[in-house]
file data.pdb (PDB, C-alpha atoms)
MODEL        1
ATOM      1  CA  MET A   1    -328.951-123.223 -52.851
ATOM      2  CA  LYS A   2    -327.596-121.712 -49.658
ATOM      3  CA  LEU A   3    -326.168-118.243 -50.088
ATOM      4  CA  SER A   4    -322.471-118.109 -49.192
ATOM      5  CA  ARG A   5    -321.157-115.561 -46.718
ATOM      6  CA  GLY A   6    -319.179-113.890 -49.476
ATOM      7  CA  TYR A   7    -322.215-113.343 -51.671
ATOM      8  CA  LEU A   8    -324.307-112.231 -48.694
ATOM      9  CA  ALA A   9    -321.688-109.624 -47.777
ATOM     10  CA  LEU A  10    -321.574-108.423 -51.393
ATOM     11  CA  ILE A  11    -325.376-108.076 -51.555
ATOM     12  CA  ILE A  12    -325.426-106.096 -48.289
ATOM     13  CA  ILE A  13    -322.644-103.790 -49.467
ATOM     14  CA  LEU A  14    -324.310-103.100 -52.831
ATOM     15  CA  ALA A  15    -327.771-102.622 -51.264
ATOM     16  CA  VAL A  16    -326.549-100.134 -48.650
ATOM     17  CA  ILE A  17    -324.497 -98.163 -51.186
ATOM     18  CA  ILE A  18    -327.368 -97.954 -53.673
ATOM     19  CA  ILE A  19    -329.952 -96.902 -51.072
ATOM     20  CA  ASP A  20    -327.531 -94.417 -49.513
ATOM     21  CA  GLN A  21    -326.672 -92.784 -52.833
ATOM     22  CA  VAL A  22    -330.259 -92.676 -54.111
ATOM     23  CA  VAL A  23    -331.365 -90.892 -50.935
ATOM     24  CA  LYS A  24    -328.418 -88.470 -51.010
ATOM     25  CA  ILE A  25    -328.892 -87.557 -54.668
ATOM     26  CA  TRP A  26    -332.625 -87.034 -54.110
ATOM     27  CA  ILE A  27    -331.949 -84.789 -51.111
ATOM     28  CA  LYS A  28    -329.302 -82.792 -53.006
ATOM     29  CA  THR A  29    -331.612 -82.151 -55.949
ATOM     30  CA  HIS A  30    -334.838 -81.527 -54.001
ATOM     31  CA  PHE A  31    -333.743 -79.725 -50.817
ATOM     32  CA  TYR A  32    -331.749 -76.534 -50.525
ATOM     33  CA  LEU A  33    -328.870 -76.496 -48.053
ATOM     34  CA  GLY A  34    -330.249 -76.078 -44.535
ATOM     35  CA  GLU A  35    -333.841 -76.937 -45.462
ATOM     36  CA  THR A  36    -335.826 -78.944 -42.911
ATOM     37  CA  HIS A  37    -338.944 -81.043 -43.323
ATOM     38  CA  GLU A  38    -340.627 -82.299 -40.160
ATOM     39  CA  VAL A  39    -341.870 -85.865 -40.588
ATOM     40  CA  THR A  40    -342.836 -86.301 -36.933
ATOM     41  CA  SER A  41    -342.058 -84.437 -33.726
ATOM     42  CA  TRP A  42    -339.073 -86.753 -33.220
ATOM     43  CA  PHE A  43    -337.882 -87.215 -36.817
ATOM     44  CA  GLN A  44    -336.900 -84.568 -39.349
ATOM     45  CA  ILE A  45    -335.270 -84.448 -42.751
ATOM     46  CA  HIS A  46    -332.623 -81.761 -42.345
ATOM     47  CA  PHE A  47    -330.204 -81.266 -45.244
ATOM     48  CA  ILE A  48    -326.665 -80.354 -44.246
ATOM     49  CA  GLU A  49    -323.198 -81.123 -45.590
ATOM     50  CA  ASN A  50    -319.921 -81.716 -43.799
ATOM     51  CA  ASN A  51    -316.225 -82.186 -44.530
ATOM     52  CA  GLY A  52    -315.557 -84.601 -41.729
ATOM     53  CA  MET A  53    -316.375 -88.029 -40.414
ATOM     54  CA  ALA A  54    -319.648 -89.699 -39.499
ATOM     55  CA  PHE A  55    -322.376 -87.561 -37.909
ATOM     56  CA  GLY A  56    -320.716 -84.368 -39.110
ATOM     57  CA  TRP A  57    -317.674 -84.551 -36.864
ATOM     58  CA  GLU A  58    -314.614 -82.747 -38.191
ATOM     59  CA  LEU A  59    -311.128 -84.232 -37.943
ATOM     60  CA  GLY A  60    -307.978 -82.913 -39.581
ATOM     61  CA  SER A  61    -307.272 -82.439 -43.272
ATOM     62  CA  LYS A  62    -310.080 -83.175 -45.707
ATOM     63  CA  LEU A  63    -307.773 -84.865 -48.222
ATOM     64  CA  LEU A  64    -305.989 -86.961 -45.599
ATOM     65  CA  LEU A  65    -309.317 -88.015 -44.111
ATOM     66  CA  THR A  66    -310.615 -89.151 -47.499
ATOM     67  CA  LEU A  67    -307.416 -91.065 -48.266
ATOM     68  CA  PHE A  68    -307.562 -92.690 -44.825
ATOM     69  CA  ARG A  69    -311.128 -93.826 -45.566
ATOM     70  CA  VAL A  70    -310.039 -95.304 -48.894
ATOM     71  CA  VAL A  71    -307.137 -97.234 -47.349
ATOM     72  CA  LEU A  72    -309.240 -98.484 -44.426
ATOM     73  CA  THR A  73    -312.027 -99.609 -46.752
ATOM     74  CA  ALA A  74    -309.561-101.424 -49.013
ATOM     75  CA  LEU A  75    -308.171-103.266 -45.989
ATOM     76  CA  LEU A  76    -311.672-104.243 -44.886
ATOM     77  CA  ILE A  77    -312.474-105.624 -48.332
ATOM     78  CA  VAL A  78    -309.264-107.672 -48.380
ATOM     79  CA  TYR A  79    -310.003-108.914 -44.853
ATOM     80  CA  MET A  80    -313.524-110.025 -45.793
ATOM     81  CA  TRP A  81    -312.234-111.711 -48.934
ATOM     82  CA  LYS A  82    -309.861-113.805 -46.836
ATOM     83  CA  LEU A  83    -312.618-114.710 -44.366
ATOM     84  CA  ARG A  84    -315.340-115.613 -46.852
ATOM     85  CA  HIS A  85    -314.708-119.386 -46.712
ATOM     86  CA  ARG A  86    -313.554-119.698 -43.083
ATOM     87  CA  SER A  87    -315.764-122.276 -41.370
ATOM     88  CA  ASP A  88    -315.078-120.793 -37.919
ATOM     89  CA  ILE A  89    -316.300-117.292 -38.849
ATOM     90  CA  LYS A  90    -319.954-116.599 -38.099
ATOM     91  CA  THR A  91    -322.225-115.119 -40.743
ATOM     92  CA  GLY A  92    -323.203-112.291 -38.380
ATOM     93  CA  TYR A  93    -319.575-111.208 -38.163
ATOM     94  CA  MET A  94    -319.397-110.931 -41.947
ATOM     95  CA  VAL A  95    -322.659-108.968 -41.957
ATOM     96  CA  CYS A  96    -321.173-106.471 -39.474
ATOM     97  CA  LEU A  97    -318.055-106.050 -41.597
ATOM     98  CA  ALA A  98    -320.197-105.629 -44.727
ATOM     99  CA  LEU A  99    -322.260-102.865 -43.086
ATOM    100  CA  ILE A 100    -319.144-101.001 -41.979
ATOM    101  CA  THR A 101    -317.549-101.363 -45.420
ATOM    102  CA  ALA A 102    -320.707-100.274 -47.240
ATOM    103  CA  GLY A 103    -321.080 -97.201 -45.037
ATOM    104  CA  ALA A 104    -317.469 -96.219 -45.571
ATOM    105  CA  ILE A 105    -317.789 -96.599 -49.349
ATOM    106  CA  GLY A 106    -321.011 -94.560 -49.338
ATOM    107  CA  ASN A 107    -319.307 -91.582 -47.707
ATOM    108  CA  ILE A 108    -316.175 -92.003 -49.849
ATOM    109  CA  ILE A 109    -318.350 -91.591 -52.951
ATOM    110  CA  ASP A 110    -319.558 -88.222 -51.620
ATOM    111  CA  CYS A 111    -316.031 -87.062 -50.874
ATOM    112  CA  ALA A 112    -314.598 -88.285 -54.157
ATOM    113  CA  PHE A 113    -317.257 -87.262 -56.664
ATOM    114  CA  TYR A 114    -319.899 -84.881 -55.300
ATOM    115  CA  GLY A 115    -317.666 -81.855 -55.735
ATOM    116  CA  ILE A 116    -317.388 -82.742 -59.417
ATOM    117  CA  ILE A 117    -320.975 -83.742 -60.252
ATOM    118  CA  PHE A 118    -322.946 -81.181 -58.214
ATOM    119  CA  ASN A 119    -322.976 -77.397 -58.109
ATOM    120  CA  ASN A 120    -323.477 -75.501 -54.854
ATOM    121  CA  PRO A 121    -326.129 -72.799 -55.297
ATOM    122  CA  ALA A 122    -327.176 -70.455 -52.523
ATOM    123  CA  PRO A 123    -330.503 -71.257 -50.802
ATOM    124  CA  PRO A 124    -333.314 -71.515 -51.775
ATOM    125  CA  GLU A 125    -331.834 -72.919 -55.004
ATOM    126  CA  THR A 126    -331.320 -76.684 -55.099
ATOM    127  CA  ALA A 127    -328.224 -78.371 -56.486
ATOM    128  CA  VAL A 128    -328.063 -79.610 -60.078
ATOM    129  CA  LEU A 129    -326.580 -82.972 -61.037
ATOM    130  CA  PHE A 130    -323.920 -82.587 -63.755
ATOM    131  CA  PRO A 131    -324.251 -78.789 -64.059
ATOM    132  CA  GLU A 132    -323.067 -77.057 -67.226
ATOM    133  CA  GLY A 133    -320.606 -74.874 -65.356
ATOM    134  CA  GLY A 134    -319.035 -77.779 -63.515
ATOM    135  CA  GLY A 135    -319.121 -78.767 -59.882
ATOM    136  CA  TYR A 136    -318.276 -76.882 -56.730
ATOM    137  CA  GLY A 137    -315.034 -78.763 -56.004
ATOM    138  CA  THR A 138    -312.412 -81.163 -57.236
ATOM    139  CA  PHE A 139    -311.808 -84.891 -56.970
ATOM    140  CA  LEU A 140    -311.608 -86.070 -53.341
ATOM    141  CA  HIS A 141    -312.805 -82.692 -52.068
ATOM    142  CA  GLY A 142    -316.568 -83.195 -52.104
ATOM    143  CA  ARG A 143    -318.761 -82.815 -49.036
ATOM    144  CA  VAL A 144    -320.743 -85.580 -47.357
ATOM    145  CA  VAL A 145    -324.540 -85.235 -47.464
ATOM    146  CA  ASP A 146    -326.440 -85.723 -44.193
ATOM    147  CA  MET A 147    -330.196 -85.577 -43.706
ATOM    148  CA  LEU A 148    -331.500 -87.805 -40.888
ATOM    149  CA  TYR A 149    -332.236 -85.898 -37.690
ATOM    150  CA  PHE A 150    -333.860 -87.415 -34.606
ATOM    151  CA  PRO A 151    -334.489 -84.796 -31.862
ATOM    152  CA  LEU A 152    -336.012 -87.444 -29.609
ATOM    153  CA  VAL A 153    -336.094 -85.552 -26.323
ATOM    154  CA  SER A 154    -334.963 -82.148 -25.088
ATOM    155  CA  TRP A 155    -334.996 -80.140 -21.884
ATOM    156  CA  TYR A 156    -333.372 -77.187 -20.136
ATOM    157  CA  TRP A 157    -331.004 -77.885 -17.284
ATOM    158  CA  PRO A 158    -332.059 -76.296 -13.954
ATOM    159  CA  ASP A 159    -330.501 -72.886 -13.352
ATOM    160  CA  TRP A 160    -328.897 -74.040 -10.122
ATOM    161  CA  MET A 161    -326.672 -76.589 -11.905
ATOM    162  CA  PRO A 162    -323.067 -75.365 -12.303
ATOM    163  CA  TRP A 163    -321.709 -74.709 -15.822
ATOM    164  CA  ILE A 164    -324.756 -76.093 -17.678
ATOM    165  CA  GLY A 165    -327.588 -74.426 -15.741
ATOM    166  CA  GLY A 166    -330.200 -72.915 -18.060
ATOM    167  CA  GLU A 167    -328.732 -74.511 -21.177
ATOM    168  CA  ARG A 168    -330.819 -76.627 -23.509
ATOM    169  CA  PHE A 169    -330.014 -80.315 -23.901
ATOM    170  CA  GLU A 170    -331.190 -82.328 -26.871
ATOM    171  CA  PHE A 171    -330.908 -86.017 -27.642
ATOM    172  CA  PHE A 172    -330.064 -86.935 -30.407
ATOM    173  CA  GLN A 173    -328.326 -83.857 -31.914
ATOM    174  CA  PRO A 174    -326.136 -85.179 -34.761
ATOM    175  CA  VAL A 175    -327.525 -85.215 -38.296
ATOM    176  CA  PHE A 176    -326.418 -88.308 -40.207
ATOM    177  CA  ASN A 177    -327.029 -90.398 -43.326
ATOM    178  CA  ILE A 178    -327.713 -94.035 -44.177
ATOM    179  CA  ALA A 179    -324.001 -94.755 -44.603
ATOM    180  CA  ASP A 180    -323.330 -93.439 -41.083
ATOM    181  CA  ALA A 181    -326.170 -95.595 -39.760
ATOM    182  CA  ALA A 182    -324.731 -98.695 -41.440
ATOM    183  CA  ILE A 183    -321.303 -98.032 -39.922
ATOM    184  CA  SER A 184    -322.782 -97.473 -36.456
ATOM    185  CA  VAL A 185    -325.000-100.577 -36.545
ATOM    186  CA  GLY A 186    -322.083-102.667 -37.802
ATOM    187  CA  ILE A 187    -319.676-101.444 -35.112
ATOM    188  CA  ILE A 188    -322.179-101.717 -32.245
ATOM    189  CA  ALA A 189    -323.247-105.249 -33.242
ATOM    190  CA  LEU A 190    -319.597-106.208 -33.692
ATOM    191  CA  LEU A 191    -318.682-105.050 -30.202
ATOM    192  CA  LEU A 192    -321.762-106.574 -28.588
ATOM    193  CA  PHE A 193    -321.783-109.992 -30.219
ATOM    194  CA  TYR A 194    -318.551-110.677 -32.104
ATOM    195  CA  ARG A 195    -315.659-109.234 -30.119
ATOM    196  CA  HIS A 196    -314.130-112.703 -29.897
ATOM    197  CA  CYS A 197    -313.798-112.751 -33.697
ATOM    198  CA  LEU A 198    -311.497-109.723 -33.546
ATOM    199  CA  SER A 199    -308.783-111.706 -31.776
ATOM    200  CA  SER A 200    -307.697-113.327 -35.079
ATOM    201  CA  PRO A 201    -308.394-116.967 -34.206
ATOM    202  CA  LYS A 202    -306.333-119.704 -35.770
ATOM    203  CA  PRO A 203    -307.604-120.364 -39.308
ATOM    204  CA  GLN A 204    -309.906-123.359 -39.647
ATOM    205  CA  PRO A 205    -310.612-125.466 -42.743
ATOM    206  CA  GLU A 206    -312.529-123.627 -45.410
ATOM    207  CA  ALA A 207    -316.251-124.176 -45.701
ATOM    208  CA  ALA A 208    -317.808-125.245 -48.942
ATOM    209  CA  GLU A 209    -319.731-122.687 -50.969
TER
ENDMDL
END

call {"tool": "encode", "arguments": {"input": "data.pdb", "output": "structure tokens"}}
result
Amino acid sequence: MKLSRGYLALIIILAVIIIDQVVKIWIKTHFYLGETHEVTSWFQIHFIENNGMAFGWELGSKLLLTLFRVVLTALLIVYMWKLRHRSDIKTGYMVCLALITAGAIGNIIDCAFYGIIFNNPAPPETAVLFPEGGGYGTFLHGRVVDMLYFPLVSWYWPDWMPWIGGERFEFFQPVFNIADAAISVGIIALLLFYRHCLSSPKPQPEAAE
């Protein structure tokens, strides 16, 4: 039996969320904050936390940012639900939306619950899941766990260059998580291959399951 787009999107969302949360919980309980493990010269596991958006960027109020994520994710879910039987919507478009939705939910879970279910010990102590004394924060005020760091290339700008001369440049600097990666892959693929789907084409007859 052919898997419907709706079920495919659901499987992708659940798979990304589960993998993302398993990795984050393992990092929280096995690494202390700021700890780094070098896997290769271009890939490191570097445990940090942030209050902001993807890749550690900060933007405005923590509570407002979390609520914005929740509303945006709810709208995406409703949008996908309406598209699941549209015969004119490509499967790849649904996959992109599922990746973006899954990534958003993954980071929402951190913001909503990690402050409640984890403590925040000073290094080199590692966090405890469901500590006796309670968590480090309140509902919707948890911090997002990041750990993937790819310092692919780096160099120092020549001293003669204005403003940046002598400064070190590194690509890729941001530390991110699997949820961030899912959002980025979904958005990039959406813009590269499915921009025409964003123009809200006239609904076509529904496809059979």

call {"tool": "atom_distance", "arguments": {"input": "data.pdb", "atom1": "CA of Ala182 in chain A", "atom2": "CA of Ile12 in chain A"}}
result
10.1 Å

call {"tool": "closest_residue", "arguments": {"input": "data.pdb", "among": "A:Gly186, A:Gly134, A:Gly34, A:Pro151", "to": "Ala102 in chain A", "atoms": "only C-alpha atoms"}}
result
A:Gly186

call {"tool": "atom_distance", "arguments": {"input": "data.pdb", "atom1": "CA of Ala179 in chain A", "atom2": "CA of Tyr194 in chain A"}}
result
21.0 Å

call {"tool": "atom_distance", "arguments": {"input": "data.pdb", "atom1": "CA of Ile17 in chain A", "atom2": "CA of Thr138 in chain A"}}
result
21.7 Å

call {"tool": "residues_around", "arguments": {"input": "data.pdb", "residues": "Gly133 in chain A", "least_positions_apart": "3", "cutoff": "12 Å", "atoms": "all atoms listed in the file", "output": "list in words"}}
result
Ile116, Ile117, Phe118, Asn119, Asn120, Pro121, Val128, Leu129, Phe130, Tyr136 and Gly137 of chain A

call {"tool": "write_last_selection", "arguments": {"input": "data.pdb", "atoms": "C-alpha atoms", "output": "compact mmCIF listing (two decimals), keeping the file's coordinate frame"}}
result
# COMPACT_ATOMS: atom_id res chain seq x y z
CA ILE A 116 -317.39 -82.74 -59.42
CA ILE A 117 -320.98 -83.74 -60.25
CA PHE A 118 -322.95 -81.18 -58.21
CA ASN A 119 -322.98 -77.40 -58.11
CA ASN A 120 -323.48 -75.50 -54.85
CA PRO A 121 -326.13 -72.80 -55.30
CA VAL A 128 -328.06 -79.61 -60.08
CA LEU A 129 -326.58 -82.97 -61.04
CA PHE A 130 -323.92 -82.59 -63.76
CA TYR A 136 -318.28 -76.88 -56.73
CA GLY A 137 -315.03 -78.76 -56.00

call {"tool": "residues_near_point", "arguments": {"input": "data.pdb", "point": "(-312.9, -111.4, -45.8)", "cutoff": "10 Å", "atoms": "only C-alpha atoms", "output": "PyMOL selection string"}}
result
chain A and resi 5-6+9+75-86+89+94+97-98

call {"tool": "residues_around", "arguments": {"input": "data.pdb", "residues": "Ile27 in chain A", "least_positions_apart": "2", "cutoff": "12 Å", "atoms": "only C-alpha atoms", "output": "PyMOL selection string"}}
result
chain A and resi 20-25+29-37+45-49+126-129+144-148+177

call {"tool": "residues_near_point", "arguments": {"input": "data.pdb", "point": "(-340.1, -81.4, -26.3)", "cutoff": "9 Å", "atoms": "all atoms listed in the file", "output": "list in words"}}
result
Ser41, Trp42, Pro151, Leu152, Val153, Ser154, Trp155 and Glu170 of chain A

call {"tool": "resolve_selection", "arguments": {"input": "data.pdb", "expression": "the PyMOL selection byres ((chain A and resi 187-191) around 9)", "output": "PyMOL selection string"}}
result
chain A and resi 92-93+96-97+99-100+182-186+192-198

call {"tool": "axis_aligned_box", "arguments": {"input": "data.pdb", "around": "range 144-155 of chain A", "padding_each_side": "6 Å", "output": "AutoDock Vina command-line options"}}
result
--center_x -328.4 --center_y -84.0 --center_z -34.7 --size_x 27.4 --size_y 19.7 --size_z 37.6

call {"tool": "decode", "arguments": {"input": "data.pdb", "residues": "range 68-113 of chain A", "atoms": "C-alpha atoms", "output": "compact mmCIF listing (two decimals), in the first residue's frame"}}
result
# COMPACT_ATOMS: atom_id res chain seq x y z
CA PHE A 68 5.54 32.81 18.62
CA ARG A 69 7.07 29.39 17.93
CA VAL A 70 3.98 27.65 19.30
CA VAL A 71 1.59 29.73 17.18
CA LEU A 72 3.70 29.34 14.03
CA THR A 73 3.97 25.59 14.52
CA ALA A 74 0.21 25.28 15.07
CA LEU A 75 -0.40 27.16 11.82
CA LEU A 76 2.01 24.88 9.97
CA ILE A 77 0.24 21.78 11.27
CA VAL A 78 -3.15 23.14 10.21
CA TYR A 79 -1.72 24.05 6.80
CA MET A 80 -0.29 20.56 6.26
CA TRP A 81 -3.56 18.98 7.38
CA LYS A 82 -5.41 20.93 4.70
CA LEU A 83 -2.86 19.97 2.03
CA ARG A 84 -2.59 16.27 2.80
CA HIS A 85 -5.05 15.16 0.09
CA ARG A 86 -4.37 17.87 -2.52
CA SER A 87 -3.47 16.16 -5.79
CA ASP A 88 -1.56 19.22 -7.04
CA ILE A 89 0.80 19.35 -4.04
CA LYS A 90 4.08 17.49 -4.47
CA THR A 91 5.28 15.04 -1.84
CA GLY A 92 8.60 16.90 -1.57
CA TYR A 93 6.76 20.05 -0.54
CA MET A 94 5.06 18.18 2.29
CA VAL A 95 8.42 16.72 3.34
CA CYS A 96 9.89 20.24 3.56
CA LEU A 97 6.98 21.43 5.68
CA ALA A 98 7.28 18.35 7.91
CA LEU A 99 10.99 19.01 8.51
CA ILE A 100 10.35 22.63 9.43
CA THR A 101 7.47 21.67 11.73
CA ALA A 102 9.45 18.90 13.41
CA GLY A 103 12.40 21.20 14.04
CA ALA A 104 10.18 23.87 15.51
CA ILE A 105 8.47 21.36 17.82
CA GLY A 106 11.86 19.98 18.90
CA ASN A 107 13.05 23.38 20.09
CA ILE A 108 9.65 24.21 21.62
CA ILE A 109 9.99 21.12 23.82
CA ASP A 110 13.30 22.47 25.17
CA CYS A 111 11.81 25.88 25.87
CA ALA A 112 8.64 24.52 27.43
CA PHE A 113 9.92 21.68 29.60
